[in-house]
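Structure file coords.txt (compact mmCIF, C-alpha atoms) is printed below.
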```txt
# COMPACT_ATOMS: atom_id res chain seq x y z
CA SER A 1 3.05 -112.43 77.95
CA ARG A 2 5.66 -110.75 75.78
CA SER A 3 3.10 -108.76 73.94
CA GLY A 4 1.69 -107.49 77.20
CA LEU A 5 5.12 -106.47 78.50
CA LYS A 6 5.84 -104.71 75.23
CA GLU A 7 2.65 -102.77 75.31
CA SER A 8 3.14 -101.85 78.96
CA GLY A 9 6.68 -100.76 78.12
CA GLN A 10 5.44 -98.61 75.27
CA GLU A 11 2.83 -97.04 77.53
CA ALA A 12 5.46 -96.27 80.15
CA GLY A 13 7.74 -94.75 77.52
CA SER A 14 4.97 -92.64 76.12
CA GLY A 15 4.13 -91.41 79.65
CA GLU A 16 7.73 -90.40 80.26
CA GLU A 17 7.81 -88.59 76.93
CA LYS A 18 4.67 -86.71 77.93
CA ARG A 19 6.20 -85.77 81.27
CA ASN A 20 9.40 -84.63 79.54
CA GLU A 21 7.40 -82.47 77.18
CA ASN A 22 5.53 -80.82 80.06
CA GLU A 23 8.62 -80.31 82.30
CA PRO A 24 11.12 -77.64 81.21
CA SER A 25 14.68 -78.59 80.35
CA VAL A 26 17.23 -78.01 83.12
CA GLY A 27 19.55 -76.07 80.82
CA VAL A 28 16.75 -73.93 79.49
CA GLY A 29 15.39 -73.20 82.93
CA LEU A 30 18.77 -72.07 84.29
CA HIS A 31 19.47 -69.97 81.23
CA SER A 32 16.10 -68.27 81.35
CA GLY A 33 16.46 -67.75 85.12
CA VAL A 34 19.88 -66.16 84.70
CA GLU A 35 18.57 -63.94 81.96
CA SER A 36 15.61 -62.83 84.07
CA LYS A 37 17.83 -62.11 87.09
CA ALA A 38 20.39 -60.29 84.95
CA SER A 39 17.70 -58.16 83.37
CA SER A 40 16.17 -57.31 86.73
CA ARG A 41 19.60 -56.56 88.22
CA SER A 42 20.53 -54.34 85.28
CA LYS A 43 17.33 -52.38 85.83
CA ASP A 44 17.91 -52.01 89.59
CA ASP A 45 21.60 -51.10 89.23
CA THR A 46 20.98 -48.30 86.74
CA PRO A 47 22.04 -45.08 88.53
CA PRO A 48 19.37 -42.41 88.84
CA VAL A 49 19.51 -39.71 86.26
CA ARG A 50 20.50 -36.34 87.80
CA SER A 51 18.52 -33.35 86.76
CA ARG A 52 21.70 -31.30 86.14
CA ALA A 53 23.27 -33.87 83.82
CA THR A 54 23.24 -33.01 80.16
CA SER A 55 23.72 -34.95 76.97
CA ASN A 56 27.15 -33.32 76.68
CA ASP A 57 28.48 -35.01 79.84
CA PRO A 58 31.38 -37.34 79.00
CA ALA A 59 30.81 -41.08 79.47
CA ARG A 60 31.91 -42.36 82.86
CA THR A 61 32.87 -45.85 83.81
CA PRO A 62 30.88 -47.56 86.58
CA GLY A 63 32.00 -46.45 90.02
CA GLU A 64 33.64 -43.24 88.74
CA ARG A 65 32.66 -40.22 90.81
CA LYS A 66 31.26 -37.27 88.97
CA ARG A 67 33.50 -34.25 89.06
CA ILE A 68 31.27 -31.28 89.77
CA THR A 69 32.42 -28.07 88.18
CA PHE A 70 31.86 -24.57 89.54
CA SER A 71 29.26 -23.83 86.90
CA GLU A 72 27.32 -26.98 87.79
CA SER A 73 27.31 -26.39 91.52
CA HIS A 74 26.37 -22.73 91.38
CA SER A 75 25.39 -20.32 88.66
CA VAL A 76 27.41 -17.11 89.01
CA GLU A 77 26.94 -13.90 87.09
CA PRO A 78 30.05 -12.08 85.76
CA GLN A 79 29.49 -9.26 88.26
CA GLU A 80 29.51 -11.73 91.13
CA ARG A 81 32.75 -13.31 89.94
CA GLU A 82 34.41 -9.88 89.78
CA ALA A 83 33.10 -9.03 93.25
CA ALA A 84 34.50 -12.28 94.61
CA LEU A 85 37.98 -11.28 93.44
CA ILE A 86 37.84 -7.87 95.11
CA PRO A 87 39.03 -7.87 98.74
CA PRO A 88 36.82 -6.31 101.41
CA SER A 89 36.81 -2.56 101.41
CA SER A 90 38.13 -2.57 104.97
CA SER A 91 41.41 -4.13 103.75
CA ILE A 92 41.92 -1.72 101.01
CA LYS A 93 44.08 1.40 101.92
CA GLY A 94 43.24 4.66 100.23
CA GLY A 95 40.36 7.10 99.88
CA GLY A 96 39.63 10.21 101.91
CA GLU A 97 38.53 8.41 105.07
CA SER A 98 41.26 5.74 105.22
CA GLU A 99 44.20 8.01 104.40
CA GLU A 100 46.37 9.01 107.29
CA LYS A 101 45.81 12.62 108.36
CA GLN A 102 48.72 14.92 107.61
CA VAL A 103 50.35 16.17 110.78
CA GLU A 104 50.45 19.96 110.70
CA PRO A 105 53.71 21.53 111.94
CA PRO A 106 53.70 23.40 115.26
CA ARG A 107 51.87 26.71 114.99
CA ARG A 108 54.89 28.60 116.26
CA VAL A 109 57.05 30.75 113.93
CA LEU A 110 60.55 32.10 114.49
CA VAL A 111 61.05 35.61 113.04
CA VAL A 112 64.73 36.34 112.27
CA ASP A 113 65.28 40.04 111.53
CA ASP A 114 67.67 42.70 112.82
CA GLU A 115 65.16 45.61 112.46
CA LYS A 116 62.84 46.15 115.42
CA ILE A 117 60.01 47.54 113.32
CA CYS A 118 60.06 44.44 111.11
CA GLN A 119 59.96 42.22 114.19
CA VAL A 120 56.91 44.02 115.58
CA ILE A 121 54.98 44.05 112.31
CA SER A 122 55.72 40.38 111.65
CA LYS A 123 54.55 39.35 115.13
CA LYS A 124 51.28 41.30 114.72
CA LEU A 125 50.57 39.77 111.32
CA LEU A 126 51.28 36.27 112.61
CA LYS A 127 48.93 36.83 115.53
CA THR A 128 46.09 37.68 113.15
CA LEU A 129 46.73 34.31 111.50
CA ASP A 130 46.46 32.57 114.88
CA LEU A 131 50.17 31.77 114.98
CA GLN A 132 52.56 32.26 117.89
CA SER A 133 55.99 33.75 117.28
CA ASP A 134 59.44 34.49 118.74
CA VAL A 135 62.11 36.84 117.41
CA ALA A 136 65.85 36.66 116.82
CA ALA A 137 68.08 39.60 115.77
CA ASN A 138 70.52 37.60 113.60
CA GLY A 139 71.31 34.15 112.32
CA LEU A 140 73.45 33.11 115.28
CA GLU A 141 70.72 34.06 117.72
CA ALA A 142 68.25 32.12 115.60
CA ILE A 143 70.39 28.97 115.91
CA CYS A 144 70.43 29.39 119.70
CA LYS A 145 66.63 29.77 119.75
CA LEU A 146 66.23 26.57 117.77
CA GLU A 147 68.56 24.66 120.07
CA GLU A 148 66.65 25.85 123.13
CA SER A 149 63.37 24.71 121.60
CA VAL A 150 64.80 21.22 121.07
CA GLU A 151 65.63 21.00 124.77
CA THR A 152 62.28 22.36 125.95
CA GLY A 153 60.16 20.57 123.31
CA ASN A 154 58.48 23.85 122.35
CA HIS A 155 59.23 23.41 118.64
CA TYR A 156 58.87 25.80 115.72
CA GLY A 157 56.95 24.99 112.57
CA ALA A 158 58.45 27.65 110.26
CA ILE A 159 61.02 30.45 110.07
CA ILE A 160 60.72 33.91 108.48
CA MET A 161 64.32 34.77 107.60
CA ASP A 162 65.78 38.14 106.67
CA CYS A 163 68.75 37.83 104.33
CA GLN A 164 70.91 40.86 105.24
CA MET A 165 71.80 40.80 108.97
CA PRO A 166 74.93 41.40 111.07
CA VAL A 167 76.86 38.63 112.89
CA MET A 168 75.31 35.89 110.70
CA ASN A 169 73.17 36.64 107.65
CA GLY A 170 70.16 34.68 106.54
CA TYR A 171 71.99 32.66 103.87
CA ASP A 172 74.61 31.31 106.26
CA CYS A 173 72.01 30.67 108.93
CA THR A 174 69.91 28.62 106.48
CA ARG A 175 72.93 26.59 105.34
CA THR A 176 73.82 25.82 108.94
CA ILE A 177 70.28 24.63 109.66
CA ARG A 178 70.24 22.38 106.59
CA ARG A 179 73.63 20.80 107.27
CA ARG A 180 72.89 19.72 110.82
CA ASP A 181 71.34 16.35 111.52
CA TRP A 182 68.45 17.40 113.74
CA ILE A 183 64.71 17.98 113.85
CA TYR A 184 64.96 21.33 112.02
CA GLN A 185 66.93 20.08 109.03
CA GLY A 186 63.86 20.27 106.78
CA ILE A 187 61.93 23.10 108.47
CA PRO A 188 60.25 25.53 106.00
CA ILE A 189 62.20 28.80 105.77
CA VAL A 190 60.56 31.82 104.12
CA ALA A 191 63.00 34.43 102.89
CA ALA A 192 61.81 37.98 103.63
CA THR A 193 64.09 40.66 102.20
CA ALA A 194 64.18 43.89 100.20
CA ALA A 195 67.66 43.44 98.78
CA GLY A 196 67.95 39.69 98.39
CA ASN A 197 67.68 37.66 95.21
CA GLN A 198 65.19 34.82 94.95
CA HIS A 199 67.65 32.56 93.16
CA ASP A 200 70.22 33.04 95.92
CA THR A 201 67.65 32.16 98.55
CA GLU A 202 66.80 28.93 96.75
CA VAL A 203 70.48 27.98 96.45
CA ALA A 204 70.93 28.56 100.18
CA GLY A 205 68.03 26.21 100.94
CA MET A 206 65.14 28.56 101.64
CA THR A 207 61.75 27.19 100.61
CA ASP A 208 59.83 30.39 99.76
CA PHE A 209 60.39 34.09 99.08
CA ILE A 210 58.49 37.34 99.87
CA GLU A 211 59.68 40.89 99.30
CA LYS A 212 59.78 43.60 101.92
CA PRO A 213 57.71 45.49 102.72
CA PHE A 214 55.11 42.71 102.68
CA ALA A 215 51.49 42.85 103.70
CA LYS A 216 49.31 40.28 105.42
CA LEU A 217 48.16 38.81 102.12
CA GLN A 218 51.69 37.99 100.94
CA LEU A 219 52.63 36.52 104.31
CA LYS A 220 49.44 34.47 104.46
CA LEU A 221 50.00 33.15 100.94
CA ALA A 222 53.52 32.00 101.78
CA LEU A 223 52.51 30.40 105.09
CA SER A 224 49.45 28.72 103.56
CA ARG A 225 51.84 26.33 101.82
CA ILE A 226 52.96 25.25 105.29
CA TYR A 227 49.80 25.59 107.38
CA HIS A 228 46.53 24.41 105.83
CA LYS A 229 44.32 26.36 108.22
CA LEU A 230 45.04 30.09 108.33
```
Target encoding structure tokens, full file:
Amino acid sequence: SRSGLKESGQEAGSGEEKRNENEPSVGVGLHSGVESKASSRSKDDTPPVRSRATSNDPARTPGERKRITFSESHSVEPQEREAALIPPSSSIKGGGESEEKQVEPPRRVLVVDDEKICQVISKKLLKTLDLQSDVAANGLEAICKLEESVETGNHYGAIIMDCQMPVMNGYDCTRTIRRRDWIYQGIPIVAATAAGNQHDTEVAGMTDFIEKPFAKLQLKLALSRIYHKL
């Protein structure tokens, strides 16, 4: 009957309403599912907090690599930074051990004097100082002795020069030695004279001056400026 159909239709409608109340809405379920997944993904994607990071670190966009500074990677004291800028001691030149040793001139002295007694005394004094010696009677003979030594390789390290001599005096001999372009151009020349003037010897190019008659002490003092071990 119509009344029975109506009642059965109402019952069916009420049952559907009950089912709709118990079942979640499709839109609500998707929204809640997206929210739950987004929340879980945001928690999983959060980068781990580094122990060295501080609250002063500037904000970085996702995917930006952290630029590690020197102070963050290693703590360095001021002394260590200064030491890092200093090159190894082996590369540094200087100091007593690394300096090149000064080459001492040959321990052979040329005595230029026209007086025999002066030649003998000078040779004896030089021997006491552990120095070898040769003699020349004048300036011209001295030049020949120097030239011979260049050929033989038996060089002189110093000259003791008298100023007043025949043939060629000590001043002219010294000027000739200084003008020539050879190994003896800068050889030390000690003026030894009783009548000479120290200023004149310096003008001529002599490097030191002692007065005759001289003793061992004066000769040693003059030669000590040339030879370090006497």
Please, which residues in range 134-219 of chain A fall within 8 Å of range 111-117 of chain A when counting all atoms listed in the file, and what is the closest atom pair and distance in Å to one decimal for each, ordered by chain then residue number, as CSV?
```
residue,atom,partner,partner_atom,distance
A:Asp134,CA,A:Val111,CA,6.0
A:Val135,CA,A:Val111,CA,4.7
A:Ala136,CA,A:Val112,CA,4.7
A:Ala137,CA,A:Asp114,CA,4.3
A:Asn138,CA,A:Asp114,CA,5.9
A:Gly139,CA,A:Val112,CA,6.9
A:Ala142,CA,A:Val112,CA,6.4
A:Ile159,CA,A:Val111,CA,6.0
A:Ile160,CA,A:Val111,CA,4.9
A:Met161,CA,A:Val112,CA,4.9
A:Asp162,CA,A:Asp113,CA,5.2
A:Met165,CA,A:Asp114,CA,6.0
A:Pro166,CA,A:Asp114,CA,7.6
```
State, in Å with one decimal place, the distance from CA of Ile226 in chain A to CA of Leu140 in chain A.
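Spanning CA of Ile226 in chain A to CA of Leu140 in chain A is a straight-line distance of 24.1 Å.
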Val109 in chain A surroundings by only C-alpha atoms, 6 Å radius, close-in-sequence under 5 positions cut, as a PDB file with C-alpha atoms, in the frame of the given file:
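Contents of the output file result_14.pdb:
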```pdb
ATOM      1  CA  SER A 133      55.990  33.750 117.280  1.00  0.00           C
ATOM      2  CA  TYR A 156      58.870  25.800 115.720  1.00  0.00           C
ATOM      3  CA  GLY A 157      56.950  24.990 112.570  1.00  0.00           C
ATOM      4  CA  ALA A 158      58.450  27.650 110.260  1.00  0.00           C
ATOM      5  CA  ILE A 159      61.020  30.450 110.070  1.00  0.00           C
TER       6      ILE A 159
END
```
Produce a table with one row for each residue of range 173-193 of chain A that has an atom at most 12 Å from any atom of range 214-220 of chain A, each row naming the nearest atom pair and its distance in Å at one decimal; use only C-alpha atoms; arrange rows by chain and rising residue number; format as JSON lines.
```
{"residue": "A:Val190", "atom": "CA", "partner": "A:Leu219", "partner_atom": "CA", "distance": 9.2}
{"residue": "A:Ala191", "atom": "CA", "partner": "A:Leu219", "partner_atom": "CA", "distance": 10.7}
{"residue": "A:Ala192", "atom": "CA", "partner": "A:Phe214", "partner_atom": "CA", "distance": 8.3}
{"residue": "A:Thr193", "atom": "CA", "partner": "A:Phe214", "partner_atom": "CA", "distance": 9.2}
```
Rounded to one decimal place, report the CA of Asp181 in chain A-CA of Asp208 in chain A distance in Å.
21.6 Å
Among the residues A:Cys163, A:Tyr227, A:Asn154, A:Ser149, the one that comes closest to Asn197 in chain A [using all atoms listed in the file]
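Distance minimum relative to Asn197 in chain A lands on A:Cys163.
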In terms of the shortest atom-to-atom distance over all atoms listed in the file, which of A:Ile143, A:Thr174, A:His228, A:Val120 is closest to Val103 in chain A?
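The closest residue to Val103 in chain A is A:His228.
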Which polymer residues, whether protein, DNA or RNA, lie within 12 Å of the coordinate (70.7, 29.9, 97.8) when you count all atoms listed in the file? List them as a PyMOL selection string, using the chain letters and numbers from the file.
chain A and resi 163+170-175+178+189+191+196-209
Writing out the chosen residues with C-alpha atoms as a PDB file, in the coordinates of the input:
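Dumped everything to part.pdb:
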```pdb
ATOM      1  CA  CYS A 163      68.750  37.830 104.330  1.00  0.00           C
ATOM      2  CA  GLY A 170      70.160  34.680 106.540  1.00  0.00           C
ATOM      3  CA  TYR A 171      71.990  32.660 103.870  1.00  0.00           C
ATOM      4  CA  ASP A 172      74.610  31.310 106.260  1.00  0.00           C
ATOM      5  CA  CYS A 173      72.010  30.670 108.930  1.00  0.00           C
ATOM      6  CA  THR A 174      69.910  28.620 106.480  1.00  0.00           C
ATOM      7  CA  ARG A 175      72.930  26.590 105.340  1.00  0.00           C
ATOM      8  CA  ARG A 178      70.240  22.380 106.590  1.00  0.00           C
ATOM      9  CA  ILE A 189      62.200  28.800 105.770  1.00  0.00           C
ATOM     10  CA  ALA A 191      63.000  34.430 102.890  1.00  0.00           C
ATOM     11  CA  GLY A 196      67.950  39.690  98.390  1.00  0.00           C
ATOM     12  CA  ASN A 197      67.680  37.660  95.210  1.00  0.00           C
ATOM     13  CA  GLN A 198      65.190  34.820  94.950  1.00  0.00           C
ATOM     14  CA  HIS A 199      67.650  32.560  93.160  1.00  0.00           C
ATOM     15  CA  ASP A 200      70.220  33.040  95.920  1.00  0.00           C
ATOM     16  CA  THR A 201      67.650  32.160  98.550  1.00  0.00           C
ATOM     17  CA  GLU A 202      66.800  28.930  96.750  1.00  0.00           C
ATOM     18  CA  VAL A 203      70.480  27.980  96.450  1.00  0.00           C
ATOM     19  CA  ALA A 204      70.930  28.560 100.180  1.00  0.00           C
ATOM     20  CA  GLY A 205      68.030  26.210 100.940  1.00  0.00           C
ATOM     21  CA  MET A 206      65.140  28.560 101.640  1.00  0.00           C
ATOM     22  CA  THR A 207      61.750  27.190 100.610  1.00  0.00           C
ATOM     23  CA  ASP A 208      59.830  30.390  99.760  1.00  0.00           C
ATOM     24  CA  PHE A 209      60.390  34.090  99.080  1.00  0.00           C
TER      25      PHE A 209
END
```
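If you look at CA of Ile187 in chain A and CA of Pro105 in chain A, they are 9.1 Å away from each other.
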With all atoms listed in the file as the counted atoms, please give the residues lying no more than 9 Å from Leu146 in chain A, apart from itself and same-chain residues fewer than 4 positions off, as a PyMOL selection string.
chain A and resi 110+141-142+150-151+155-156+184
Between A:Val167, A:Leu129, A:Ala194, A:Ile177, single out the one closest to Lys145 in chain A, counting only C-alpha atoms.
A:Ile177
